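Shown next: final05.txt, given as compact mmCIF, C-alpha atoms.
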# COMPACT_ATOMS: atom_id res chain seq x y z
CA MET A 1 -19.95 6.02 -13.73
CA LYS A 2 -20.43 8.34 -10.76
CA LYS A 3 -21.70 7.64 -7.27
CA GLU A 4 -22.38 9.94 -4.35
CA ALA A 5 -19.32 9.99 -2.12
CA PHE A 6 -19.15 9.08 1.53
CA TYR A 7 -17.58 11.48 4.03
CA TRP A 8 -18.31 15.02 3.00
CA GLN A 9 -20.25 18.02 4.20
CA PRO A 10 -21.99 20.86 2.36
CA LEU A 11 -20.70 24.41 2.74
CA GLU A 12 -21.94 27.82 1.74
CA GLU A 13 -22.29 28.88 -1.92
CA GLY A 14 -22.62 25.26 -3.09
CA LYS A 15 -19.13 24.32 -1.96
CA VAL A 16 -18.43 20.95 -0.30
CA LYS A 17 -15.74 19.69 2.03
CA CYS A 18 -14.38 16.20 1.46
CA LEU A 19 -13.66 14.36 4.71
CA LEU A 20 -12.16 11.15 3.35
CA CYS A 21 -8.51 12.10 3.88
CA PRO A 22 -6.78 14.74 6.03
CA ARG A 23 -6.31 17.02 3.03
CA GLU A 24 -10.04 17.80 3.45
CA CYS A 25 -10.40 19.62 0.15
CA VAL A 26 -12.97 22.41 -0.09
CA ILE A 27 -14.35 22.04 -3.61
CA ARG A 28 -16.38 24.58 -5.57
CA PRO A 29 -19.21 23.48 -7.86
CA GLY A 30 -17.88 22.00 -11.09
CA ASN A 31 -14.42 21.38 -9.61
CA ARG A 32 -12.67 18.32 -8.26
CA GLY A 33 -10.45 17.62 -5.28
CA PHE A 34 -6.71 17.15 -5.11
CA CYS A 35 -7.05 13.42 -5.84
CA ARG A 36 -8.91 14.23 -9.10
CA VAL A 37 -11.63 11.59 -8.65
CA ARG A 38 -13.99 13.34 -6.22
CA THR A 39 -16.06 16.09 -7.83
CA ASN A 40 -18.60 18.70 -6.73
CA GLN A 41 -21.67 18.57 -8.92
CA GLU A 42 -24.31 21.12 -7.96
CA GLY A 43 -23.38 20.99 -4.28
CA THR A 44 -23.06 17.21 -3.96
CA LEU A 45 -19.76 15.33 -3.76
CA TYR A 46 -19.49 12.45 -6.22
CA THR A 47 -16.83 9.83 -6.87
CA GLN A 48 -16.47 10.55 -10.55
CA GLY A 49 -13.76 7.88 -10.75
CA TYR A 50 -15.90 5.09 -9.29
CA GLY A 51 -14.74 1.86 -10.94
CA GLN A 52 -12.82 3.78 -13.62
CA THR A 53 -9.81 1.51 -13.95
CA ILE A 54 -6.39 2.29 -15.38
CA SER A 55 -5.07 -1.27 -15.29
CA LEU A 56 -6.29 -4.80 -14.69
CA SER A 57 -3.79 -7.61 -14.26
CA MET A 58 -3.11 -10.90 -12.52
CA ASP A 59 0.02 -10.21 -10.45
CA PRO A 60 2.14 -12.36 -8.14
CA ILE A 61 1.22 -11.44 -4.55
CA GLU A 62 4.94 -10.83 -3.96
CA LYS A 63 4.80 -7.88 -6.37
CA LYS A 64 2.63 -5.84 -3.98
CA PRO A 65 4.95 -6.55 -2.05
CA LEU A 66 3.32 -8.98 0.35
CA TYR A 67 5.71 -11.74 1.41
CA HIS A 68 3.73 -13.21 4.32
CA PHE A 69 0.27 -13.36 2.73
CA TYR A 70 -0.55 -16.40 0.58
CA PRO A 71 3.00 -16.71 -0.80
CA GLY A 72 3.14 -17.99 -4.37
CA SER A 73 -0.43 -16.96 -5.14
CA TYR A 74 -1.70 -14.61 -7.85
CA ILE A 75 -4.10 -11.76 -7.24
CA LEU A 76 -6.28 -9.70 -9.59
CA SER A 77 -4.92 -6.15 -9.36
CA VAL A 78 -6.64 -2.89 -10.27
CA GLY A 79 -6.11 0.81 -9.67
CA PRO A 80 -7.71 4.25 -10.07
CA ASN A 81 -6.43 7.29 -11.95
CA GLY A 82 -5.36 9.65 -9.18
CA CYS A 83 -3.74 10.08 -5.78
CA ASN A 84 -4.11 12.21 -2.67
CA LEU A 85 -0.36 12.84 -2.53
CA SER A 86 1.96 14.32 -5.14
CA CYS A 87 5.35 12.75 -4.49
CA VAL A 88 8.17 14.19 -6.59
CA PHE A 89 9.71 10.70 -6.72
CA CYS A 90 6.51 8.87 -7.73
CA GLN A 91 7.25 5.63 -9.57
CA ASN A 92 3.78 5.58 -11.18
CA TRP A 93 3.33 9.30 -11.84
CA GLN A 94 1.78 8.76 -15.27
CA ILE A 95 -1.32 7.23 -13.68
CA SER A 96 -1.29 9.01 -10.32
CA GLN A 97 -0.53 12.59 -11.38
CA THR A 98 -2.01 12.90 -14.88
CA ASP A 99 -5.34 12.07 -16.49
CA VAL A 100 -5.20 8.92 -18.63
CA PRO A 101 -7.87 6.82 -20.35
CA THR A 102 -9.81 4.51 -18.03
CA LYS A 103 -12.43 1.81 -18.44
CA TYR A 104 -15.35 1.21 -16.10
CA VAL A 105 -15.40 -2.19 -14.41
CA SER A 106 -18.42 -2.90 -12.23
CA PRO A 107 -17.88 -4.51 -8.81
CA GLU A 108 -19.83 -7.56 -10.01
CA LYS A 109 -17.65 -7.98 -13.10
CA LEU A 110 -14.43 -7.52 -11.10
CA VAL A 111 -15.43 -10.21 -8.62
CA ASP A 112 -16.50 -12.56 -11.43
CA TRP A 113 -13.13 -12.09 -13.15
CA ALA A 114 -11.26 -12.79 -9.92
CA ILE A 115 -13.19 -16.03 -9.44
CA TYR A 116 -12.74 -17.04 -13.08
CA HIS A 117 -8.97 -16.54 -12.91
CA HIS A 118 -8.66 -18.39 -9.58
CA SER A 119 -7.35 -15.26 -7.88
CA VAL A 120 -6.81 -15.26 -4.13
CA GLY A 121 -8.66 -11.96 -4.07
CA VAL A 122 -8.57 -8.41 -5.39
CA SER A 123 -5.65 -6.04 -4.84
CA PHE A 124 -6.27 -2.30 -5.09
CA THR A 125 -2.91 -0.90 -6.10
CA TYR A 126 -0.85 0.89 -8.81
CA SER A 127 -1.85 4.41 -7.69
CA GLU A 128 -3.65 5.28 -4.41
CA PRO A 129 -6.59 2.93 -3.76
CA LEU A 130 -8.08 4.77 -0.78
CA ILE A 131 -9.43 7.51 -3.08
CA TRP A 132 -11.59 4.64 -4.44
CA PHE A 133 -13.13 4.14 -0.99
CA GLU A 134 -16.72 3.46 -2.09
CA TYR A 135 -15.66 1.12 -4.90
CA ILE A 136 -13.38 -0.90 -2.60
CA LEU A 137 -16.24 -1.40 -0.13
CA ASP A 138 -18.65 -2.52 -2.84
CA VAL A 139 -16.13 -5.01 -4.28
CA ALA A 140 -15.15 -6.36 -0.85
CA ARG A 141 -18.77 -6.87 0.19
CA LEU A 142 -19.41 -8.91 -2.95
CA GLY A 143 -16.09 -10.75 -2.88
CA ARG A 144 -15.87 -11.91 0.72
CA PRO A 145 -18.89 -14.26 0.57
CA ARG A 146 -17.25 -15.86 -2.47
CA GLY A 147 -13.94 -16.41 -0.67
CA LEU A 148 -11.97 -13.47 -2.07
CA LYS A 149 -9.47 -11.50 0.00
CA THR A 150 -9.21 -7.71 -0.19
CA VAL A 151 -5.72 -6.21 -0.36
CA LEU A 152 -4.71 -2.54 -0.28
CA VAL A 153 -1.33 -1.24 -1.41
CA THR A 154 -1.58 2.24 -0.01
CA ASN A 155 0.12 5.40 1.21
CA GLY A 156 -2.06 5.17 4.32
CA VAL A 157 -3.41 8.73 4.05
CA ILE A 158 -7.01 8.44 5.26
CA ASN A 159 -9.00 10.01 8.09
CA PRO A 160 -9.72 7.88 11.20
CA ASP A 161 -13.49 7.47 10.70
CA PRO A 162 -13.38 6.11 7.14
CA LEU A 163 -10.43 3.94 8.16
CA GLU A 164 -12.56 2.33 10.85
CA ASP A 165 -15.33 1.70 8.32
CA ILE A 166 -13.11 0.01 5.77
CA LEU A 167 -10.91 -2.09 8.09
CA PRO A 168 -13.52 -4.84 8.64
CA TRP A 169 -13.47 -5.48 4.89
CA VAL A 170 -9.69 -5.54 4.41
CA ASP A 171 -7.56 -8.66 4.78
CA ALA A 172 -4.06 -7.34 4.07
CA MET A 173 -2.27 -4.06 3.48
CA ASN A 174 1.15 -2.95 2.40
CA VAL A 175 1.57 0.60 3.66
CA ASP A 176 4.21 2.90 2.21
CA LEU A 177 5.90 4.67 5.13
CA LYS A 178 7.98 7.22 3.27
CA SER A 179 9.78 8.79 6.22
CA MET A 180 9.49 9.39 9.95
CA ARG A 181 9.85 13.12 9.36
CA ASP A 182 6.78 15.23 8.69
CA GLU A 183 9.03 17.71 6.88
CA PHE A 184 9.78 15.00 4.30
CA TYR A 185 6.06 14.55 3.62
CA LYS A 186 5.51 18.31 3.36
CA ARG A 187 8.44 18.95 1.03
CA LEU A 188 8.44 15.86 -1.18
CA CYS A 189 4.81 14.66 -1.07
CA LEU A 190 2.88 17.93 -0.71
CA GLY A 191 1.17 16.86 2.47
CA PRO A 192 2.04 16.95 6.22
CA PHE A 193 0.54 13.53 6.79
CA ARG A 194 3.18 11.44 8.55
CA ASP A 195 1.07 11.08 11.71
CA THR A 196 -1.89 9.93 9.62
CA VAL A 197 0.20 7.19 8.03
CA LEU A 198 1.52 6.05 11.41
CA HIS A 199 -2.03 5.89 12.75
CA THR A 200 -3.17 3.84 9.75
CA ILE A 201 -0.40 1.28 10.28
CA LYS A 202 -0.85 0.99 14.04
CA ARG A 203 -4.63 0.91 14.00
CA SER A 204 -4.77 -1.60 11.15
CA HIS A 205 -2.38 -3.90 12.99
CA GLU A 206 -4.49 -3.60 16.16
CA ALA A 207 -7.56 -4.52 14.11
CA GLY A 208 -5.95 -7.79 13.04
CA ILE A 209 -5.24 -6.82 9.44
CA HIS A 210 -2.15 -8.43 7.95
CA ILE A 211 0.29 -5.52 7.63
CA GLU A 212 3.57 -5.16 5.78
CA VAL A 213 5.47 -1.86 5.51
CA THR A 214 7.57 -0.52 2.64
CA ASN A 215 10.17 2.27 2.84
CA LEU A 216 11.72 3.64 -0.35
CA ILE A 217 15.27 4.71 0.48
CA ILE A 218 16.13 7.98 -1.29
CA PRO A 219 19.72 9.28 -1.11
CA GLY A 220 20.01 12.58 0.68
CA HIS A 221 16.40 12.61 1.84
CA ASN A 222 15.65 9.66 4.16
CA ASP A 223 18.78 7.49 4.06
CA SER A 224 20.76 8.61 7.10
CA GLN A 225 21.37 6.09 9.87
CA ALA A 226 19.26 8.25 12.17
CA ASP A 227 16.33 8.28 9.70
CA ILE A 228 16.49 4.54 9.17
CA GLN A 229 16.88 3.74 12.86
CA GLU A 230 13.89 5.87 13.83
CA LEU A 231 11.71 4.08 11.30
CA ILE A 232 12.91 0.66 12.46
CA ASP A 233 12.32 1.53 16.11
CA TRP A 234 8.79 2.72 15.38
CA VAL A 235 7.81 -0.40 13.42
CA ALA A 236 9.34 -2.63 16.11
CA ALA A 237 7.32 -0.82 18.78
CA VAL A 238 4.14 -1.76 16.91
CA SER A 239 5.29 -5.36 16.37
CA VAL A 240 8.59 -7.10 15.63
CA GLN A 241 6.54 -9.48 13.47
CA ILE A 242 5.65 -6.85 10.85
CA PRO A 243 7.62 -7.52 7.64
CA LEU A 244 9.59 -4.43 6.62
CA HIS A 245 10.55 -3.94 2.97
CA PHE A 246 13.31 -1.49 2.08
CA SER A 247 13.06 -0.53 -1.59
CA ARG A 248 15.83 0.87 -3.75
CA PHE A 249 15.21 4.32 -5.20
CA PHE A 250 15.88 5.00 -8.89
CA PRO A 251 15.68 8.50 -10.44
CA HIS A 252 12.14 9.16 -11.63
CA TYR A 253 9.51 11.82 -12.28
CA GLN A 254 10.69 15.14 -10.76
CA LEU A 255 13.58 13.67 -8.76
CA ARG A 256 15.90 12.75 -11.60
CA ASP A 257 18.95 14.53 -10.21
CA VAL A 258 19.25 12.07 -7.30
CA PRO A 259 21.33 8.92 -7.94
CA PRO A 260 20.04 5.41 -7.27
CA ALA A 261 20.23 4.31 -3.65
CA PRO A 262 23.63 2.64 -3.09
CA ILE A 263 23.57 -1.09 -2.46
CA GLU A 264 25.73 -0.40 0.61
CA THR A 265 22.97 1.77 2.12
CA LEU A 266 20.39 -0.95 1.56
CA ALA A 267 22.69 -3.53 3.13
CA MET A 268 23.19 -1.22 6.12
CA ALA A 269 19.43 -0.68 6.51
CA ARG A 270 18.76 -4.43 6.38
CA GLU A 271 21.46 -5.17 8.94
CA MET A 272 20.14 -2.47 11.28
CA ALA A 273 16.55 -3.67 10.95
CA LEU A 274 17.37 -7.33 11.60
CA LYS A 275 18.61 -6.37 15.05
CA LYS A 276 15.05 -5.43 16.03
CA LEU A 277 12.66 -6.97 13.49
CA ASN A 278 12.15 -10.62 12.63
CA TYR A 279 11.48 -10.21 8.91
CA VAL A 280 13.31 -7.71 6.70
CA TYR A 281 13.46 -7.61 2.90
CA VAL A 282 15.07 -5.45 0.21
CA GLY A 283 13.32 -4.77 -3.11
CA ASN A 284 14.27 -3.28 -6.48
CA VAL A 285 17.48 -5.33 -6.35
CA TRP A 286 18.27 -8.83 -7.55
CA ASN A 287 19.45 -10.61 -4.41
CA GLN A 288 17.93 -13.93 -3.44
CA GLU A 289 19.13 -13.67 0.16
CA TRP A 290 17.44 -10.30 0.63
CA GLY A 291 14.13 -11.68 -0.60
CA THR A 292 14.14 -14.91 1.37
CA THR A 293 12.18 -15.48 4.57
CA TYR A 294 14.37 -16.97 7.31
CA CYS A 295 13.39 -18.42 10.65
CA PRO A 296 14.31 -15.74 13.20
CA ASP A 297 15.29 -18.42 15.74
CA CYS A 298 17.37 -20.96 13.83
CA GLY A 299 18.05 -19.13 10.54
CA LYS A 300 16.61 -21.79 8.22
CA ALA A 301 15.43 -20.54 4.82
CA LEU A 302 11.65 -20.97 4.85
CA ILE A 303 10.42 -19.15 1.73
CA VAL A 304 12.98 -18.75 -1.04
CA ARG A 305 12.16 -16.10 -3.63
CA GLU A 306 13.86 -15.26 -6.90
CA GLY A 307 12.27 -12.26 -8.58
CA TYR A 308 8.56 -12.86 -9.11
CA SER A 309 8.88 -16.53 -9.99
CA LEU A 310 6.97 -19.04 -7.86
CA PRO A 311 8.71 -19.15 -4.45
CA GLU A 312 9.83 -22.35 -2.76
CA VAL A 313 7.93 -22.70 0.51
CA PHE A 314 9.38 -24.98 3.18
CA LEU A 315 6.99 -24.18 6.04
CA LYS A 316 5.37 -27.13 7.80
CA ASN A 317 1.86 -26.30 9.01
CA GLY A 318 2.90 -22.69 9.44
CA THR A 319 6.02 -23.52 11.43
CA CYS A 320 9.75 -23.83 10.81
CA PRO A 321 10.42 -27.51 10.01
CA ASN A 322 13.81 -27.27 11.72
CA CYS A 323 12.98 -25.78 15.12
CA GLY A 324 9.18 -25.64 15.18
CA LYS A 325 8.86 -21.86 15.56
CA LYS A 326 5.48 -20.46 14.50
CA ILE A 327 5.96 -18.13 11.51
CA PRO A 328 3.41 -15.34 10.87
CA VAL A 329 2.53 -16.25 7.27
CA VAL A 330 -1.09 -16.32 6.10
CA THR A 331 -1.71 -19.34 3.86
As structure tokens, what does this structure read like?
Amino acid sequence: MKKEAFYWQPLEEGKVKCLLCPRECVIRPGNRGFCRVRTNQEGTLYTQGYGQTISLSMDPIEKKPLYHFYPGSYILSVGPNGCNLSCVFCQNWQISQTDVPTKYVSPEKLVDWAIYHHSVGVSFTYSEPLIWFEYILDVARLGRPRGLKTVLVTNGVINPDPLEDILPWVDAMNVDLKSMRDEFYKRLCLGPFRDTVLHTIKRSHEAGIHIEVTNLIIPGHNDSQADIQELIDWVAAVSVQIPLHFSRFFPHYQLRDVPPAPIETLAMAREMALKKLNYVYVGNVWNQEWGTTYCPDCGKALIVREGYSLPEVFLKNGTCPNCGKKIPVVT
């Protein structure tokens, strides 16, 4: 199914300019943009990938990862075939960087399935959901009156105006902050969009969206103490309450000559972050301590996680049962 896109302008000779993300592709008739789902058909920009889904699954909310948003719940998860970045280390490159078979799922059917399966909401994930802008809005507008939450697992690369339009319909986001260096984004992601990502995180937090941030630690590229400290300092300046997830890199896609991130580096990053942030986690490793939520005041274990199994939650009315501190967990 196709639908006329939001955020574009016509140009000369039938060309169009997409204004959804800062890449702002100029697209000739019959061609598509960098993300591969927005196409120029006779001088009009369409979302050719509207509702065209590569995967549909009930996932633990912790898999997003979201650790402070309805812990222990399951969420219906879907994703498009495409992305507005091209990261050489992409963990889902088969669905983000190549064309694969998809199946159309209408917004009405998606919401019905979420209700039927007792999902807490709908998570747009797997590849880059923001290229599905129009579809997300349609699903969210149908789902909210029926009690469903809207979750984005995103790279955060979106222009300010469309961001403002979608924020009122979003309940939670995990934003992938790949590095604090624009050069990293240019060289490894094919886009100088660091400032855009920082704006998305900060503005979304200001708007009251539940935000968690993930940083994939890649040896030799963003794993120096200076790199890690700069990222920690920036997140802390937005809010010390934002959960920060460090994720362990494994060789993948076009970055197969880089070894896995050492456990020692992840331990160092966690230790550094805990000096400034209240909630720090490490993913892609099997370590119960690194996945557990602790009270930042008294140190009591409040949400104990082991892989993606149902976590043990010891919160009492949103507070630490030991010292009474209010914990920022949406339940």
Surrounding residues of region 132-146 of chain A excluding itself and chain neighbours under 3 positions, 9 Å, all atoms listed in the file, as a VMD selection string: chain A and resid 3 to 6 20 37 47 49 to 51 79 to 80 106 to 108 110 to 112 114 to 115 121 to 122 124 128 to 129 149 to 150 162 166 169 to 170
Residues of the last selection are to be written out with C-alpha atoms, as an mmCIF file, in the coordinates of the input.
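Output file selection.cif is given in full below:
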data_model
loop_
_atom_site.group_PDB
_atom_site.id
_atom_site.type_symbol
_atom_site.label_atom_id
_atom_site.label_comp_id
_atom_site.auth_asym_id
_atom_site.auth_seq_id
_atom_site.Cartn_x
_atom_site.Cartn_y
_atom_site.Cartn_z
ATOM 1 C CA LYS A 3 -21.700 7.640 -7.270
ATOM 2 C CA GLU A 4 -22.380 9.940 -4.350
ATOM 3 C CA ALA A 5 -19.320 9.990 -2.120
ATOM 4 C CA PHE A 6 -19.150 9.080 1.530
ATOM 5 C CA LEU A 20 -12.160 11.150 3.350
ATOM 6 C CA VAL A 37 -11.630 11.590 -8.650
ATOM 7 C CA THR A 47 -16.830 9.830 -6.870
ATOM 8 C CA GLY A 49 -13.760 7.880 -10.750
ATOM 9 C CA TYR A 50 -15.900 5.090 -9.290
ATOM 10 C CA GLY A 51 -14.740 1.860 -10.940
ATOM 11 C CA GLY A 79 -6.110 0.810 -9.670
ATOM 12 C CA PRO A 80 -7.710 4.250 -10.070
ATOM 13 C CA SER A 106 -18.420 -2.900 -12.230
ATOM 14 C CA PRO A 107 -17.880 -4.510 -8.810
ATOM 15 C CA GLU A 108 -19.830 -7.560 -10.010
ATOM 16 C CA LEU A 110 -14.430 -7.520 -11.100
ATOM 17 C CA VAL A 111 -15.430 -10.210 -8.620
ATOM 18 C CA ASP A 112 -16.500 -12.560 -11.430
ATOM 19 C CA ALA A 114 -11.260 -12.790 -9.920
ATOM 20 C CA ILE A 115 -13.190 -16.030 -9.440
ATOM 21 C CA GLY A 121 -8.660 -11.960 -4.070
ATOM 22 C CA VAL A 122 -8.570 -8.410 -5.390
ATOM 23 C CA PHE A 124 -6.270 -2.300 -5.090
ATOM 24 C CA GLU A 128 -3.650 5.280 -4.410
ATOM 25 C CA PRO A 129 -6.590 2.930 -3.760
ATOM 26 C CA LYS A 149 -9.470 -11.500 0.000
ATOM 27 C CA THR A 150 -9.210 -7.710 -0.190
ATOM 28 C CA PRO A 162 -13.380 6.110 7.140
ATOM 29 C CA ILE A 166 -13.110 0.010 5.770
ATOM 30 C CA TRP A 169 -13.470 -5.480 4.890
ATOM 31 C CA VAL A 170 -9.690 -5.540 4.410
#
Between CA of His118 (chain A) and CA of Ser73 (chain A), distance in Å (one decimal):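 Interatomic distance, CA of His118 (chain A) to CA of Ser73 (chain A): 9.5 Å.
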Separation of CA of Ser123 (chain A) from CA of Val329 (chain A), in Å and rounded to one decimal: 17.8 Å
Minimum-distance residue to His199 (chain A), chosen among A:Ile158, A:Cys35, A:Val280, A:Ile242 (using only C-alpha atoms): A:Ile158
Atom-to-atom span, CA of Val285 (chain A) and CA of Val157 (chain A), Å: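 Rounded to one decimal, the two atoms are 27.2 Å apart.
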Nearest candidate to Gln254 (chain A) (options A:Tyr279, A:Trp93, A:Tyr46, A:Tyr70; using all atoms listed in the file):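 Using all atoms listed in the file, Gln254 (chain A) sits closest to A:Trp93.
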Nearest residue to Thr292 (chain A) from the set A:Asp161, A:Glu306, A:Asp227, A:Glu24 (distances using only C-alpha atoms):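 Closest candidate: A:Glu306.
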Selected residue, from A:Pro219, A:Gly30, A:Pro321, A:Gly299, that lies nearest to Glu42 (chain A) when counting only C-alpha atoms: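 Between A:Pro219, A:Gly30, A:Pro321, A:Gly299, the residue approaching Glu42 (chain A) most closely is A:Gly30.
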Option closest in space to Thr39 (chain A), from A:Phe314, A:Trp8, A:Trp286, A:Phe184 [counting all atoms listed in the file]: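 Checking each of A:Phe314, A:Trp8, A:Trp286, A:Phe184 against Thr39 (chain A), counting all atoms listed in the file, the winner is A:Trp8.
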Proximity to Val235 (chain A) - best of A:Ile209, A:Ile54, A:Cys189, A:Leu274, all atoms listed in the file: A:Leu274
12 Å contact set for Asp233 (chain A), all atoms listed in the file, chain neighbours under 6 positions out, as a list of chain:residue names: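 Residues near the query, excluding close chain neighbours: A:Met180, A:Gln225, A:Ala226, A:Asp227, A:Ser239, A:Val240, A:Ile242, A:Leu244, A:Met272, A:Ala273, A:Leu274, A:Lys275, A:Lys276, A:Leu277.
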Exercise: residues within 12 Å of coordinate (7.8, 19.7, -1.3), counting all atoms listed in the file, as a ChimeraX atom specification: /A:85-89,182-192,221,254-255
Please, can region 198-217 of chain A be completed to N, CA and C atoms and returned as a compact mmCIF listing (two decimals), in the frame of the given file?
# COMPACT_ATOMS: atom_id res chain seq x y z
N LEU A 198 1.17 6.84 10.22
CA LEU A 198 1.52 6.05 11.41
C LEU A 198 0.26 5.52 12.08
N HIS A 199 -0.78 6.34 12.16
CA HIS A 199 -2.03 5.89 12.75
C HIS A 199 -2.63 4.75 11.94
N THR A 200 -2.60 4.88 10.61
CA THR A 200 -3.17 3.84 9.75
C THR A 200 -2.47 2.50 9.99
N ILE A 201 -1.15 2.52 10.05
CA ILE A 201 -0.40 1.28 10.28
C ILE A 201 -0.73 0.68 11.63
N LYS A 202 -0.65 1.49 12.67
CA LYS A 202 -0.85 0.99 14.04
C LYS A 202 -2.28 0.50 14.24
N ARG A 203 -3.24 1.29 13.80
CA ARG A 203 -4.63 0.91 14.00
C ARG A 203 -5.00 -0.34 13.19
N SER A 204 -4.49 -0.44 11.98
CA SER A 204 -4.77 -1.60 11.15
C SER A 204 -4.18 -2.87 11.76
N HIS A 205 -2.99 -2.75 12.31
CA HIS A 205 -2.38 -3.90 12.99
C HIS A 205 -3.21 -4.30 14.21
N GLU A 206 -3.66 -3.32 14.99
CA GLU A 206 -4.49 -3.60 16.16
C GLU A 206 -5.79 -4.29 15.77
N ALA A 207 -6.30 -3.95 14.58
CA ALA A 207 -7.56 -4.52 14.11
C ALA A 207 -7.41 -5.93 13.55
N GLY A 208 -6.19 -6.44 13.52
CA GLY A 208 -5.95 -7.79 13.04
C GLY A 208 -5.73 -7.91 11.55
N ILE A 209 -5.55 -6.78 10.87
CA ILE A 209 -5.24 -6.82 9.44
C ILE A 209 -3.79 -7.26 9.26
N HIS A 210 -3.54 -8.09 8.27
CA HIS A 210 -2.15 -8.43 7.95
C HIS A 210 -1.46 -7.21 7.36
N ILE A 211 -0.40 -6.75 8.03
CA ILE A 211 0.29 -5.52 7.63
C ILE A 211 1.74 -5.80 7.25
N GLU A 212 2.16 -5.23 6.12
CA GLU A 212 3.57 -5.16 5.78
C GLU A 212 3.87 -3.70 5.44
N VAL A 213 5.09 -3.27 5.68
CA VAL A 213 5.47 -1.86 5.51
C VAL A 213 6.61 -1.76 4.51
N THR A 214 6.51 -0.77 3.61
CA THR A 214 7.57 -0.52 2.64
C THR A 214 8.14 0.88 2.84
N ASN A 215 9.47 0.98 2.76
CA ASN A 215 10.17 2.27 2.84
C ASN A 215 11.12 2.39 1.66
N LEU A 216 10.84 3.37 0.78
CA LEU A 216 11.72 3.64 -0.35
C LEU A 216 12.89 4.50 0.13
N ILE A 217 14.09 3.99 0.00
CA ILE A 217 15.27 4.71 0.48
C ILE A 217 15.79 5.64 -0.61
